[in-house]
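Asker: See final.txt below, with compact mmCIF, C-alpha atoms and all ligand atoms.
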# COMPACT_ATOMS: atom_id res chain seq x y z
CA GLY B 1 187.59 65.68 -53.79
CA PHE B 2 184.73 64.37 -51.75
CA GLY B 3 181.95 65.45 -54.07
CA ILE B 4 178.29 64.50 -54.09
CA GLY B 5 179.12 61.55 -56.40
CA SER B 6 181.48 59.93 -53.94
CA LEU B 7 179.15 60.75 -51.03
CA LEU B 8 176.35 58.88 -52.77
CA LYS B 9 178.70 55.97 -53.47
CA GLU B 10 179.95 55.83 -49.88
CA THR B 11 176.46 55.85 -48.44
CA GLY B 12 174.88 53.61 -51.09
CA LEU B 13 172.30 56.32 -51.76
CA VAL B 14 171.02 57.17 -55.21
CA THR B 15 169.42 60.38 -56.41
CA LEU B 16 165.98 60.22 -57.99
CA ASP B 17 165.70 62.77 -60.78
CA ALA B 18 162.75 61.97 -63.05
CA GLY B 19 163.34 63.40 -66.52
CA PHE B 20 166.94 64.27 -65.50
CA THR B 21 165.91 67.88 -64.89
CA ASN B 22 168.97 68.43 -62.74
CA THR B 23 171.43 65.70 -63.67
CA ALA B 24 174.34 66.29 -66.07
CA SER B 25 175.18 63.11 -67.97
CA CYS B 26 178.50 64.28 -69.39
CA GLU B 27 180.92 67.13 -69.89
CA SER B 28 180.62 68.63 -73.35
CA ALA B 29 182.43 71.37 -75.28
CA ILE B 30 179.96 71.53 -78.17
CA THR B 31 176.88 73.60 -77.38
CA TYR B 32 176.21 76.21 -74.71
CA ILE B 33 172.71 77.19 -73.64
CA ASP B 34 171.74 79.81 -71.08
CA GLY B 35 168.03 79.16 -70.75
CA ASP B 36 167.33 82.19 -68.56
CA GLU B 37 168.95 84.61 -70.98
CA GLY B 38 167.86 82.89 -74.19
CA VAL B 39 171.45 82.26 -75.35
CA LEU B 40 172.51 79.45 -77.70
CA ARG B 41 176.05 79.00 -79.04
CA TYR B 42 177.69 76.24 -81.08
CA ARG B 43 181.38 75.93 -80.17
CA GLY B 44 181.17 79.47 -78.78
CA TYR B 45 179.58 81.06 -81.86
CA PRO B 46 176.15 82.71 -81.27
CA ILE B 47 173.32 81.02 -83.14
CA GLU B 48 172.23 84.38 -84.59
CA GLN B 49 175.61 84.85 -86.31
CA LEU B 50 175.71 81.31 -87.66
CA ALA B 51 172.13 81.56 -88.95
CA GLU B 52 173.02 84.79 -90.72
CA GLY B 53 176.48 84.01 -92.10
CA SER B 54 177.15 80.27 -92.13
CA THR B 55 175.82 77.35 -94.13
CA PHE B 56 174.53 74.02 -92.86
CA VAL B 57 177.56 72.14 -94.23
CA GLU B 58 179.98 74.60 -92.62
CA THR B 59 178.06 74.47 -89.30
CA SER B 60 178.16 70.67 -89.44
CA PHE B 61 181.95 70.82 -89.81
CA LEU B 62 182.12 73.28 -86.90
CA LEU B 63 180.06 71.09 -84.59
CA ILE B 64 181.91 67.91 -85.49
CA HIS B 65 185.48 69.21 -85.69
CA GLY B 66 185.30 72.07 -83.18
CA HIS B 67 186.52 74.92 -85.39
CA LEU B 68 185.32 76.86 -88.42
CA PRO B 69 186.84 75.22 -91.51
CA SER B 70 189.51 76.88 -93.66
CA GLU B 71 188.60 77.29 -97.32
CA SER B 72 190.35 74.06 -98.30
CA GLU B 73 188.85 72.14 -95.37
CA LEU B 74 185.38 73.30 -96.36
CA THR B 75 185.89 72.44 -100.03
CA ASP B 76 187.18 69.00 -99.10
CA PHE B 77 184.33 68.35 -96.64
CA THR B 78 181.71 69.56 -99.15
CA GLU B 79 183.13 67.42 -101.95
CA ARG B 80 183.33 64.34 -99.78
CA ILE B 81 179.67 64.76 -98.79
CA GLN B 82 178.69 65.26 -102.44
CA ARG B 83 180.49 62.05 -103.44
CA HIS B 84 178.55 59.92 -100.96
CA THR B 85 174.94 60.90 -101.67
CA LEU B 86 174.07 57.74 -103.65
CA LEU B 87 172.40 54.83 -101.89
CA HIS B 88 173.35 51.24 -102.62
CA GLU B 89 170.81 49.88 -105.11
CA ASP B 90 169.90 47.11 -102.67
CA LEU B 91 169.14 49.66 -99.99
CA LYS B 92 166.92 51.51 -102.46
CA ARG B 93 164.79 48.37 -102.73
CA PHE B 94 163.92 48.72 -99.03
CA PHE B 95 161.61 51.58 -99.91
CA ASP B 96 159.39 49.21 -101.89
CA GLY B 97 158.83 47.10 -98.80
CA PHE B 98 157.06 49.79 -96.79
CA PRO B 99 153.36 50.46 -97.15
CA ARG B 100 152.54 53.42 -99.35
CA ASP B 101 151.27 55.50 -96.42
CA ALA B 102 154.22 54.67 -94.17
CA HIS B 103 155.25 57.52 -91.91
CA PRO B 104 158.63 58.79 -93.15
CA MET B 105 160.23 58.86 -89.66
CA PRO B 106 160.34 55.07 -89.14
CA VAL B 107 161.35 54.70 -92.79
CA LEU B 108 164.25 57.08 -92.08
CA SER B 109 165.42 55.27 -88.95
CA SER B 110 165.06 51.84 -90.57
CA ALA B 111 167.15 52.91 -93.55
CA VAL B 112 169.84 54.41 -91.29
CA SER B 113 169.88 51.22 -89.25
CA ALA B 114 170.20 49.22 -92.47
CA LEU B 115 173.18 51.35 -93.58
CA SER B 116 175.36 49.58 -91.02
CA THR B 117 174.81 46.29 -92.86
CA PHE B 118 176.25 47.80 -96.05
CA TYR B 119 179.42 49.04 -94.32
CA PRO B 120 180.53 46.19 -92.07
CA ASN B 121 184.08 47.58 -91.91
CA SER B 122 182.87 50.76 -90.30
CA LEU B 123 181.44 49.39 -87.09
CA ASN B 124 184.35 49.79 -84.70
CA PRO B 125 183.71 53.07 -82.83
CA PHE B 126 187.44 53.46 -82.09
CA ASP B 127 188.58 53.31 -85.74
CA ALA B 128 188.90 57.06 -86.35
CA GLU B 129 189.24 56.77 -90.12
CA GLN B 130 186.10 54.66 -90.42
CA VAL B 131 184.19 56.95 -88.04
CA GLU B 132 185.07 59.89 -90.31
CA LEU B 133 183.84 57.91 -93.31
CA SER B 134 180.59 57.00 -91.52
CA THR B 135 180.17 60.68 -90.59
CA VAL B 136 180.38 61.74 -94.23
CA ARG B 137 178.19 58.86 -95.39
CA LEU B 138 175.47 59.80 -92.92
CA LEU B 139 175.56 63.51 -93.75
CA ALA B 140 175.44 62.67 -97.46
CA LYS B 141 172.87 59.89 -97.43
CA LEU B 142 170.31 61.08 -94.89
CA PRO B 143 168.93 63.76 -97.26
CA THR B 144 168.66 61.13 -100.02
CA ILE B 145 166.87 58.72 -97.68
CA ALA B 146 164.57 61.49 -96.45
CA ALA B 147 163.67 62.53 -99.99
CA TYR B 148 163.03 58.91 -101.01
CA ALA B 149 160.73 58.40 -98.02
CA HIS B 150 158.75 61.40 -99.26
CA ARG B 151 158.63 60.26 -102.92
CA LYS B 152 157.61 56.81 -101.86
CA SER B 153 154.61 58.21 -99.93
CA LEU B 154 153.52 59.96 -103.15
CA GLY B 155 154.09 56.89 -105.31
CA GLN B 156 156.62 58.85 -107.37
CA PRO B 157 159.86 57.50 -108.91
CA LEU B 158 163.11 57.85 -106.99
CA LEU B 159 165.62 60.15 -108.69
CA TYR B 160 169.39 59.81 -108.51
CA PRO B 161 171.22 62.55 -106.62
CA ASP B 162 172.92 65.23 -108.73
CA ASN B 163 176.32 65.61 -107.11
CA ARG B 164 177.00 68.97 -108.71
CA LEU B 165 174.41 70.45 -106.37
CA GLY B 166 174.78 71.62 -102.79
CA LEU B 167 173.22 69.62 -99.98
CA VAL B 168 169.94 71.54 -99.72
CA GLU B 169 169.46 71.90 -103.50
CA ASN B 170 170.15 68.21 -103.98
CA PHE B 171 167.71 67.26 -101.26
CA THR B 172 164.88 69.46 -102.56
CA ARG B 173 165.45 68.24 -106.11
CA LEU B 174 165.26 64.63 -104.93
CA ALA B 175 162.10 65.45 -102.99
CA PHE B 176 160.27 67.60 -105.54
CA GLY B 177 162.05 67.28 -108.88
CA ASN B 178 160.65 65.78 -112.03
CA PRO B 179 163.07 63.41 -113.82
CA ALA B 180 162.15 64.94 -117.16
CA GLU B 181 162.78 68.56 -116.20
CA ASP B 182 165.45 70.77 -114.71
CA TYR B 183 164.57 71.63 -111.17
CA GLU B 184 165.42 74.86 -109.45
CA LEU B 185 164.27 75.90 -106.03
CA ASP B 186 163.86 79.59 -105.34
CA PRO B 187 167.17 80.76 -103.76
CA VAL B 188 165.24 82.44 -100.93
CA LEU B 189 163.76 79.06 -100.05
CA VAL B 190 167.16 77.33 -100.32
CA LYS B 191 168.61 79.88 -97.92
CA ALA B 192 165.62 79.53 -95.57
CA LEU B 193 165.84 75.73 -95.47
CA ASP B 194 169.61 75.86 -94.99
CA GLN B 195 169.08 78.26 -92.10
CA LEU B 196 166.43 76.07 -90.49
CA LEU B 197 168.84 73.13 -90.62
CA ILE B 198 171.49 75.27 -88.88
CA LEU B 199 169.00 76.23 -86.15
CA HIS B 200 168.27 72.56 -85.45
CA ALA B 201 171.85 71.34 -85.73
CA ASP B 202 172.54 70.80 -82.03
CA HIS B 203 170.93 71.46 -78.67
CA GLU B 204 173.17 69.75 -76.13
CA GLN B 205 171.72 66.87 -74.12
CA ASN B 206 168.11 66.82 -75.40
CA CYS B 207 166.09 63.60 -75.55
CA SER B 208 167.35 62.34 -78.94
CA THR B 209 170.98 63.37 -78.37
CA SER B 210 171.01 61.71 -74.95
CA THR B 211 169.61 58.62 -76.68
CA VAL B 212 172.41 58.68 -79.26
CA ARG B 213 174.98 58.97 -76.47
CA LEU B 214 173.34 56.28 -74.35
CA VAL B 215 173.21 53.77 -77.20
CA GLY B 216 176.77 54.70 -78.18
CA SER B 217 178.00 54.38 -74.59
CA GLY B 218 177.56 50.62 -74.99
CA GLN B 219 179.93 51.04 -77.98
CA ALA B 220 177.22 50.47 -80.56
CA ASN B 221 178.22 51.93 -83.92
CA LEU B 222 177.33 55.39 -85.21
CA PHE B 223 174.58 54.17 -87.59
CA ALA B 224 172.84 52.23 -84.80
CA SER B 225 173.12 55.16 -82.40
CA VAL B 226 171.75 57.69 -84.92
CA SER B 227 168.92 55.34 -85.86
CA ALA B 228 167.91 55.23 -82.18
CA GLY B 229 168.15 59.03 -82.02
CA ILE B 230 165.70 59.32 -84.93
CA HIS B 231 163.17 57.24 -83.01
CA ALA B 232 163.66 59.38 -79.91
CA LEU B 233 163.09 62.50 -81.98
CA SER B 234 159.80 61.26 -83.39
CA GLY B 235 157.64 61.85 -80.31
CA PRO B 236 155.31 64.86 -80.12
CA LEU B 237 157.03 66.29 -77.04
CA HIS B 238 160.32 66.42 -78.97
CA GLY B 239 160.82 66.62 -82.75
CA GLY B 240 157.27 65.57 -83.45
CA ALA B 241 156.16 68.92 -82.02
CA ASN B 242 156.68 70.68 -85.37
CA SER B 243 154.02 68.60 -87.11
CA ALA B 244 151.84 68.68 -84.00
CA VAL B 245 151.87 72.51 -84.19
CA LEU B 246 150.57 72.46 -87.73
CA ASP B 247 147.90 69.89 -86.86
CA MET B 248 146.88 72.14 -83.97
CA LEU B 249 146.68 75.26 -86.16
CA GLU B 250 144.65 73.37 -88.78
CA THR B 251 142.30 72.08 -86.09
CA ILE B 252 141.72 75.60 -84.80
CA LYS B 253 141.17 76.88 -88.34
CA ASN B 254 138.64 74.17 -89.14
CA SER B 255 136.78 74.16 -85.84
CA ASP B 256 134.00 76.40 -84.60
CA ASP B 257 136.20 77.45 -81.68
CA ASP B 258 138.02 80.73 -81.88
CA VAL B 259 141.59 81.18 -80.68
CA ASP B 260 140.47 82.36 -77.22
CA THR B 261 138.30 79.29 -76.65
CA PHE B 262 141.22 77.07 -77.61
CA MET B 263 143.51 78.89 -75.16
CA THR B 264 140.94 78.44 -72.37
CA LYS B 265 141.03 74.69 -73.05
CA VAL B 266 144.82 74.70 -72.86
CA LYS B 267 144.80 76.57 -69.56
CA ASN B 268 142.13 74.27 -68.10
CA LYS B 269 144.28 71.33 -69.27
CA GLU B 270 141.25 69.85 -70.99
CA LYS B 271 142.10 66.32 -72.13
CA GLY B 272 145.77 67.18 -71.70
CA VAL B 273 145.62 69.66 -74.59
CA ARG B 274 148.83 71.74 -74.74
CA LEU B 275 149.82 74.70 -76.80
CA MET B 276 152.18 72.79 -79.07
CA GLY B 277 155.40 74.61 -79.96
CA PHE B 278 155.36 76.35 -76.60
CA GLY B 279 157.52 75.65 -73.58
CA HIS B 280 160.96 74.21 -73.19
CA ARG B 281 162.82 72.33 -70.48
CA VAL B 282 165.78 74.68 -70.62
CA TYR B 283 164.60 77.98 -72.11
CA LYS B 284 162.68 79.98 -69.57
CA ASN B 285 162.92 83.02 -71.77
CA TYR B 286 162.29 83.38 -75.51
CA ASP B 287 163.94 80.55 -77.49
CA PRO B 288 166.50 82.48 -79.62
CA ARG B 289 165.87 80.11 -82.53
CA ALA B 290 162.16 80.94 -82.47
CA ALA B 291 162.91 84.64 -82.93
CA ILE B 292 164.93 83.88 -86.09
CA VAL B 293 162.33 81.44 -87.47
CA LYS B 294 159.48 83.90 -86.97
CA LYS B 295 161.30 86.46 -89.14
CA THR B 296 162.10 83.82 -91.77
CA ALA B 297 158.46 82.68 -91.85
CA ASP B 298 157.44 86.22 -92.67
CA GLU B 299 160.08 86.54 -95.43
CA VAL B 300 159.33 83.18 -97.02
CA LEU B 301 155.60 83.77 -97.16
CA SER B 302 156.00 87.19 -98.70
CA GLN B 303 158.57 85.85 -101.20
CA LEU B 304 156.13 83.17 -102.25
CA GLY B 305 153.31 85.69 -102.25
CA LYS B 306 151.38 83.28 -100.03
CA ARG B 307 149.25 84.51 -97.21
CA ASP B 308 148.67 81.73 -94.77
CA GLU B 309 145.83 82.02 -92.35
CA LEU B 310 147.71 79.57 -90.13
CA LEU B 311 150.46 82.18 -89.60
CA ASP B 312 147.83 84.66 -88.44
CA ILE B 313 146.44 82.09 -86.00
CA ALA B 314 149.95 81.32 -84.71
CA MET B 315 150.72 84.99 -84.19
CA ARG B 316 147.45 85.51 -82.39
CA LEU B 317 148.14 82.50 -80.10
CA GLU B 318 151.57 83.87 -79.32
CA GLU B 319 150.20 87.32 -78.55
CA ILE B 320 147.63 85.91 -76.14
CA ALA B 321 150.17 83.63 -74.47
CA LEU B 322 152.78 86.33 -73.95
CA ASN B 323 150.20 88.42 -72.08
CA ASP B 324 148.55 85.65 -70.09
CA ASP B 325 149.40 84.81 -66.47
CA TYR B 326 149.18 81.03 -67.06
CA PHE B 327 152.04 81.21 -69.59
CA ILE B 328 153.94 84.01 -67.82
CA GLU B 329 154.03 82.16 -64.47
CA ARG B 330 155.23 78.96 -66.10
CA LYS B 331 157.71 80.80 -68.32
CA LEU B 332 156.27 79.32 -71.51
CA TYR B 333 157.46 80.94 -74.72
CA PRO B 334 157.42 79.79 -78.36
CA ASN B 335 160.14 77.21 -79.04
CA VAL B 336 161.94 76.69 -82.35
CA ASP B 337 159.11 74.65 -83.76
CA PHE B 338 156.24 77.05 -83.28
CA TYR B 339 156.79 78.66 -86.70
CA THR B 340 158.86 76.10 -88.64
CA GLY B 341 155.85 74.09 -89.83
CA ILE B 342 154.39 77.13 -91.54
CA ILE B 343 157.61 77.51 -93.56
CA TYR B 344 157.87 73.81 -94.41
CA LYS B 345 154.25 73.83 -95.55
CA ALA B 346 154.84 76.88 -97.74
CA MET B 347 157.79 75.04 -99.34
CA GLY B 348 155.49 72.16 -100.25
CA PHE B 349 156.38 69.57 -97.60
CA PRO B 350 153.50 67.51 -96.22
CA THR B 351 153.09 67.64 -92.42
CA LYS B 352 154.44 64.10 -92.01
CA MET B 353 157.81 65.25 -93.38
CA PHE B 354 158.37 68.04 -90.84
CA THR B 355 160.02 65.86 -88.20
CA VAL B 356 162.20 64.30 -90.90
CA LEU B 357 163.48 67.81 -91.68
CA PHE B 358 164.27 68.24 -87.99
CA ALA B 359 166.24 64.97 -88.13
CA LEU B 360 168.25 66.21 -91.14
CA GLY B 361 169.14 69.30 -89.15
CA ARG B 362 169.96 67.51 -85.90
CA LEU B 363 172.21 64.91 -87.55
CA PRO B 364 175.54 66.79 -87.23
CA GLY B 365 174.78 67.40 -83.54
CA TRP B 366 174.15 63.72 -82.94
CA ILE B 367 177.38 62.82 -84.75
CA ALA B 368 179.43 65.46 -82.92
CA GLN B 369 178.09 64.37 -79.53
CA TRP B 370 178.65 60.67 -80.29
CA ARG B 371 182.23 61.34 -81.39
CA GLU B 372 182.91 63.51 -78.35
CA MET B 373 181.62 60.72 -76.11
CA ILE B 374 183.69 58.01 -77.82
CA ALA B 375 186.83 60.18 -77.60
CA ASP B 376 186.28 61.03 -73.91
CA PRO B 377 188.29 58.73 -71.60
CA ALA B 378 185.79 59.52 -68.81
CA THR B 379 182.95 57.85 -70.76
CA LYS B 380 181.32 54.89 -69.07
CA ILE B 381 178.40 52.85 -70.25
CA GLY B 382 175.21 54.82 -69.47
CA ARG B 383 173.45 52.90 -66.77
CA PRO B 384 171.10 54.90 -64.51
CA ARG B 385 170.04 53.53 -61.16
CA GLN B 386 166.44 53.29 -59.95
CA VAL B 387 164.39 53.46 -56.79
CA TYR B 388 162.56 50.15 -56.56
CA VAL B 389 158.92 50.47 -55.44
CA GLY B 390 157.59 47.00 -56.34
CA GLU B 391 156.67 43.93 -54.28
CA GLY B 392 158.96 42.52 -51.62
CA ALA B 393 160.19 38.92 -51.94
CA ARG B 394 157.36 36.37 -52.34
CA ASP B 395 157.14 32.72 -53.27
CA TYR B 396 156.27 31.56 -56.77
CA VAL B 397 152.82 29.93 -56.91
CA PRO B 398 152.34 27.13 -59.49
CA LEU B 399 149.66 27.89 -62.07
CA GLN B 400 147.14 25.29 -60.77
CA SER B 401 147.29 26.78 -57.26
CA ARG B 402 146.63 30.44 -58.22
N1 LIG B 501 151.00 74.27 -73.12
C1 LIG B 501 150.37 74.39 -71.94
N2 LIG B 501 150.95 74.16 -70.74
C2 LIG B 501 152.23 73.79 -70.75
C3 LIG B 501 152.96 73.65 -71.94
C4 LIG B 501 152.31 73.91 -73.16
N3 LIG B 501 152.95 73.78 -74.32
N4 LIG B 501 154.22 73.26 -71.64
C5 LIG B 501 154.28 73.17 -70.30
N5 LIG B 501 153.08 73.49 -69.76
C6 LIG B 501 152.74 73.57 -68.33
C7 LIG B 501 152.58 72.19 -67.71
O1 LIG B 501 151.24 71.76 -67.79
C8 LIG B 501 153.04 72.42 -66.31
O2 LIG B 501 152.00 73.08 -65.62
P1 LIG B 501 151.72 72.78 -64.06
O3 LIG B 501 152.92 73.29 -63.34
O4 LIG B 501 150.46 73.51 -63.77
O5 LIG B 501 151.57 71.28 -63.96
C9 LIG B 501 154.19 73.44 -66.46
O6 LIG B 501 153.86 74.16 -67.67
C10 LIG B 501 155.57 72.82 -66.59
O7 LIG B 501 155.55 71.86 -67.66
P2 LIG B 501 156.38 70.53 -67.71
O8 LIG B 501 155.67 69.58 -68.60
O9 LIG B 501 156.70 70.09 -66.30
O10 LIG B 501 157.71 71.04 -68.37
P3 LIG B 501 158.83 70.13 -69.03
O11 LIG B 501 160.10 70.86 -68.91
O12 LIG B 501 158.76 68.74 -68.49
O13 LIG B 501 158.35 70.03 -70.55
C11 LIG B 501 158.06 70.44 -72.85
C12 LIG B 501 158.91 70.74 -71.60
C13 LIG B 501 157.98 68.94 -73.07
C14 LIG B 501 158.77 71.06 -74.05
C15 LIG B 501 156.66 71.05 -72.66
O14 LIG B 501 156.75 72.45 -72.51
C16 LIG B 501 155.69 70.69 -73.79
O15 LIG B 501 155.07 69.63 -73.74
N6 LIG B 501 155.57 71.58 -74.84
C17 LIG B 501 154.74 71.28 -75.97
C18 LIG B 501 155.47 70.34 -76.91
C19 LIG B 501 156.61 71.02 -77.65
O16 LIG B 501 156.46 72.09 -78.20
N7 LIG B 501 157.77 70.34 -77.69
C20 LIG B 501 158.95 70.82 -78.38
C21 LIG B 501 160.07 71.04 -77.42
S1 LIG B 501 161.41 71.83 -78.20
C22 LIG B 501 162.06 70.71 -79.23
O17 LIG B 501 162.13 69.52 -79.02
C23 LIG B 501 162.54 71.30 -80.42
Would you put the structure from the file into structure tokens?
Answerer:
Amino acid sequence: GFGIGSLLKETGLVTLDAGFTNTASCESAITYIDGDEGVLRYRGYPIEQLAEGSTFVETSFLLIHGHLPSESELTDFTERIQRHTLLHEDLKRFFDGFPRDAHPMPVLSSAVSALSTFYPNSLNPFDAEQVELSTVRLLAKLPTIAAYAHRKSLGQPLLYPDNRLGLVENFTRLAFGNPAEDYELDPVLVKALDQLLILHADHEQNCSTSTVRLVGSGQANLFASVSAGIHALSGPLHGGANSAVLDMLETIKNSDDDVDTFMTKVKNKEKGVRLMGFGHRVYKNYDPRAAIVKKTADEVLSQLGKRDELLDIAMRLEEIALNDDYFIERKLYPNVDFYTGIIYKAMGFPTKMFTVLFALGRLPGWIAQWREMIADPATKIGRPRQVYVGEGARDYVPLQSR
């Protein structure tokens, strides 16, 4: 038909859509969001049901392969992931090269980027068997890399994965375990962390996922594309928001300002201060993930018998915001990351690690979206146009004449 696309082509016009607020970059069958109604579904399944009944490994399979696995498919997928958790000893040495106080996000993306050098046979995006192997390697090794980045920042020894354990137990043991002792994380915490990973597992064409697709659209390999996605996630307006929320809550706690004074600053846009963990490009109603996380935060803190003043501050901020015209008019509600930091902190993760945990969760989404793109015959290299606003043609002036 003669759609807007061909009209623009015929006339040589381009659309200018800063931030792509109204431009679809692809067709996708993975995740559905209705931002006005607060609906999120992976492959048709409501996020609430997956958070309640599924596991992160099963949800990863669902996102990547499009259907819930049978028992044998799930066993096979789980076992394959468990077999691939070890890192090459040479890759392990990379961790010694970073400064002790290195932020774990660039350590994570560097290590993922480096993975491609260890698997040179896996770099053809159209070799389905190798792509499946890279998928499993990434799902298996990212938790190990993430845990090592954490240990390294503490100056603690790196443990070997224990492949009898599930993904979350293995990861937490690598992050917190002592080589000389058995390590067991409270099952309530294992379930909570597993659930948080499910909640982050995909969110259609967000900044990091679009990055993964864009890099992959040039037919760069899966490791390179995911490494780029990790960088995209790191910013405070995206995945970095979860640590920014905790920093914000700590600042309020330690300052002389009360919660109301802080909110006045936000509304007056003083020095660009925002209520971190609030607002979303797509959700103009409550983020359904935030509702689940808030409940989990309550459960985890009571299980641990920890009262956290930061949770009280967060709840008070939310209460003010939900009744304030500034936030109501702009449809600003808590997003998934408003309460996650409080849970991660209660589990013992330092603030720097929060965005790494987001990356662990988002990984299957990145992989699923990259694979969908590669398999889609309609895919073209991502190459946006621009509206040029610079100088017109002018003559070069030699240095001595300027
Ligand atoms: N606090 C205060 N005001 C806000 C906030 C906030 N958190 N978010 C948006 N606004 C205001 C803006 O100042 C703007 O006001 P104006 O119309 O008077 O200029 C209006 O609401 C619209 O905001 P935009 O920035 O245009 O909305 P956009 O869709 O571009 O941004 C974003 C969405 C980046 C999530 C934004 O709401 C934000 O910065 N939130 C805080 C950071 C955050 O929590 N990010 C996590 C996002 S979810 C995720 O990645 C998991």
Asker: Using only C-alpha atoms, what table do you get, as JSON lines, when you list each residue of segment 265-352 of chain B with an atom no more than 12 Å from segment 49-52 of chain B, its nearest pair of atoms, and their distance in Å rounded to one decimal, rows by chain then rising number?
Answerer:
{"residue": "B:Pro288", "atom": "CA", "partner": "B:Ala51", "partner_atom": "CA", "distance": 10.9}
{"residue": "B:Arg289", "atom": "CA", "partner": "B:Ala51", "partner_atom": "CA", "distance": 9.1}
{"residue": "B:Ala290", "atom": "CA", "partner": "B:Ala51", "partner_atom": "CA", "distance": 11.9}
{"residue": "B:Ala291", "atom": "CA", "partner": "B:Ala51", "partner_atom": "CA", "distance": 11.4}
{"residue": "B:Ile292", "atom": "CA", "partner": "B:Ala51", "partner_atom": "CA", "distance": 8.1}
{"residue": "B:Val293", "atom": "CA", "partner": "B:Ala51", "partner_atom": "CA", "distance": 9.9}
{"residue": "B:Lys295", "atom": "CA", "partner": "B:Ala51", "partner_atom": "CA", "distance": 11.9}
{"residue": "B:Thr296", "atom": "CA", "partner": "B:Ala51", "partner_atom": "CA", "distance": 10.7}
Asker: Could the residues in this selection be written to a file with C-alpha atoms, as a PDB file, in the frame of the given file?
Answerer:
ATOM      1  CA  PRO B 288     166.500  82.480 -79.620  1.00  0.00           C
ATOM      2  CA  ARG B 289     165.870  80.110 -82.530  1.00  0.00           C
ATOM      3  CA  ALA B 290     162.160  80.940 -82.470  1.00  0.00           C
ATOM      4  CA  ALA B 291     162.910  84.640 -82.930  1.00  0.00           C
ATOM      5  CA  ILE B 292     164.930  83.880 -86.090  1.00  0.00           C
ATOM      6  CA  VAL B 293     162.330  81.440 -87.470  1.00  0.00           C
ATOM      7  CA  LYS B 295     161.300  86.460 -89.140  1.00  0.00           C
ATOM      8  CA  THR B 296     162.100  83.820 -91.770  1.00  0.00           C
TER       9      THR B 296
END
Asker: So, counting all atoms listed in the file, which residue among B:Ser70, B:Gln386, B:Ser401, B:Ser234 is closest to ligand LIG 501 (chain B)?
Answerer: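 Among the listed residues, the smallest separation from ligand LIG 501 (chain B) belongs to B:Ser234.
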Asker: Leaving out segment 181-188 of chain B and any residue of its chain fewer than 6 positions from it, which residues lie within 10 Å of it when counting all atoms listed in the file, given as a CSV table (one decimal) with C-alpha atoms, in the frame of the given file?
Answerer:
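Written out: part26.csv:
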chain,number,residue,atom,x,y,z
B,168,VAL,CA,169.9,71.5,-99.7
B,169,GLU,CA,169.5,71.9,-103.5
B,170,ASN,CA,170.2,68.2,-104.0
B,172,THR,CA,164.9,69.5,-102.6
B,173,ARG,CA,165.4,68.2,-106.1
B,174,LEU,CA,165.3,64.6,-104.9
B,194,ASP,CA,169.6,75.9,-95.0
B,296,THR,CA,162.1,83.8,-91.8
B,299,GLU,CA,160.1,86.5,-95.4
B,300,VAL,CA,159.3,83.2,-97.0
B,303,GLN,CA,158.6,85.8,-101.2
B,304,LEU,CA,156.1,83.2,-102.2
B,347,MET,CA,157.8,75.0,-99.3
Asker: Do a neighbour search on Glu71 of chain B at 12 Å with all atoms listed in the file, toss out local chain neighbours closer than 6 positions, and write the hits as an MDAnalysis selection string.
Answerer: chainID B and resid 58 61 77:78
Asker: Can you tell me which residues come within 6 Å of ligand LIG 501 (chain B) when counting all atoms listed in the file, ideally as a ChimeraX atom specification?
Answerer: /B:237-239,241,266,274-281,330,335-337
Asker: Which neighbours of Ala314 of chain B fall inside 12 Å, counting all atoms listed in the file, when residues of the same chain fewer than 4 positions from it are skipped, and could you give them as a ChimeraX atom specification?
Answerer: /B:245-250,252-253,259,263,275-278,294,297-298,308-310,318-321,334,337-342
Asker: Next, dump the selected residues to file, keeping only C-alpha atoms, as a CSV table (one decimal), in the frame of the given file.
Answerer:
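See selection04.csv below for the written result:
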chain,number,residue,atom,x,y,z
B,245,VAL,CA,151.9,72.5,-84.2
B,246,LEU,CA,150.6,72.5,-87.7
B,247,ASP,CA,147.9,69.9,-86.9
B,248,MET,CA,146.9,72.1,-84.0
B,249,LEU,CA,146.7,75.3,-86.2
B,250,GLU,CA,144.6,73.4,-88.8
B,252,ILE,CA,141.7,75.6,-84.8
B,253,LYS,CA,141.2,76.9,-88.3
B,259,VAL,CA,141.6,81.2,-80.7
B,263,MET,CA,143.5,78.9,-75.2
B,275,LEU,CA,149.8,74.7,-76.8
B,276,MET,CA,152.2,72.8,-79.1
B,277,GLY,CA,155.4,74.6,-80.0
B,278,PHE,CA,155.4,76.4,-76.6
B,294,LYS,CA,159.5,83.9,-87.0
B,297,ALA,CA,158.5,82.7,-91.8
B,298,ASP,CA,157.4,86.2,-92.7
B,308,ASP,CA,148.7,81.7,-94.8
B,309,GLU,CA,145.8,82.0,-92.4
B,310,LEU,CA,147.7,79.6,-90.1
B,318,GLU,CA,151.6,83.9,-79.3
B,319,GLU,CA,150.2,87.3,-78.6
B,320,ILE,CA,147.6,85.9,-76.1
B,321,ALA,CA,150.2,83.6,-74.5
B,334,PRO,CA,157.4,79.8,-78.4
B,337,ASP,CA,159.1,74.6,-83.8
B,338,PHE,CA,156.2,77.0,-83.3
B,339,TYR,CA,156.8,78.7,-86.7
B,340,THR,CA,158.9,76.1,-88.6
B,341,GLY,CA,155.8,74.1,-89.8
B,342,ILE,CA,154.4,77.1,-91.5
Asker: Between B:Val131, B:Ala359, B:Leu332, B:Val389, which has the minimum distance to Asp36 of chain B (counting all atoms listed in the file)?
Answerer: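 Using all atoms listed in the file, Asp36 of chain B sits closest to B:Leu332.
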Asker: Please compute the atom CA of Phe354 of chain B-atom CA of Leu62 of chain B distance, one decimal, in Å.
Answerer: 24.6 Å
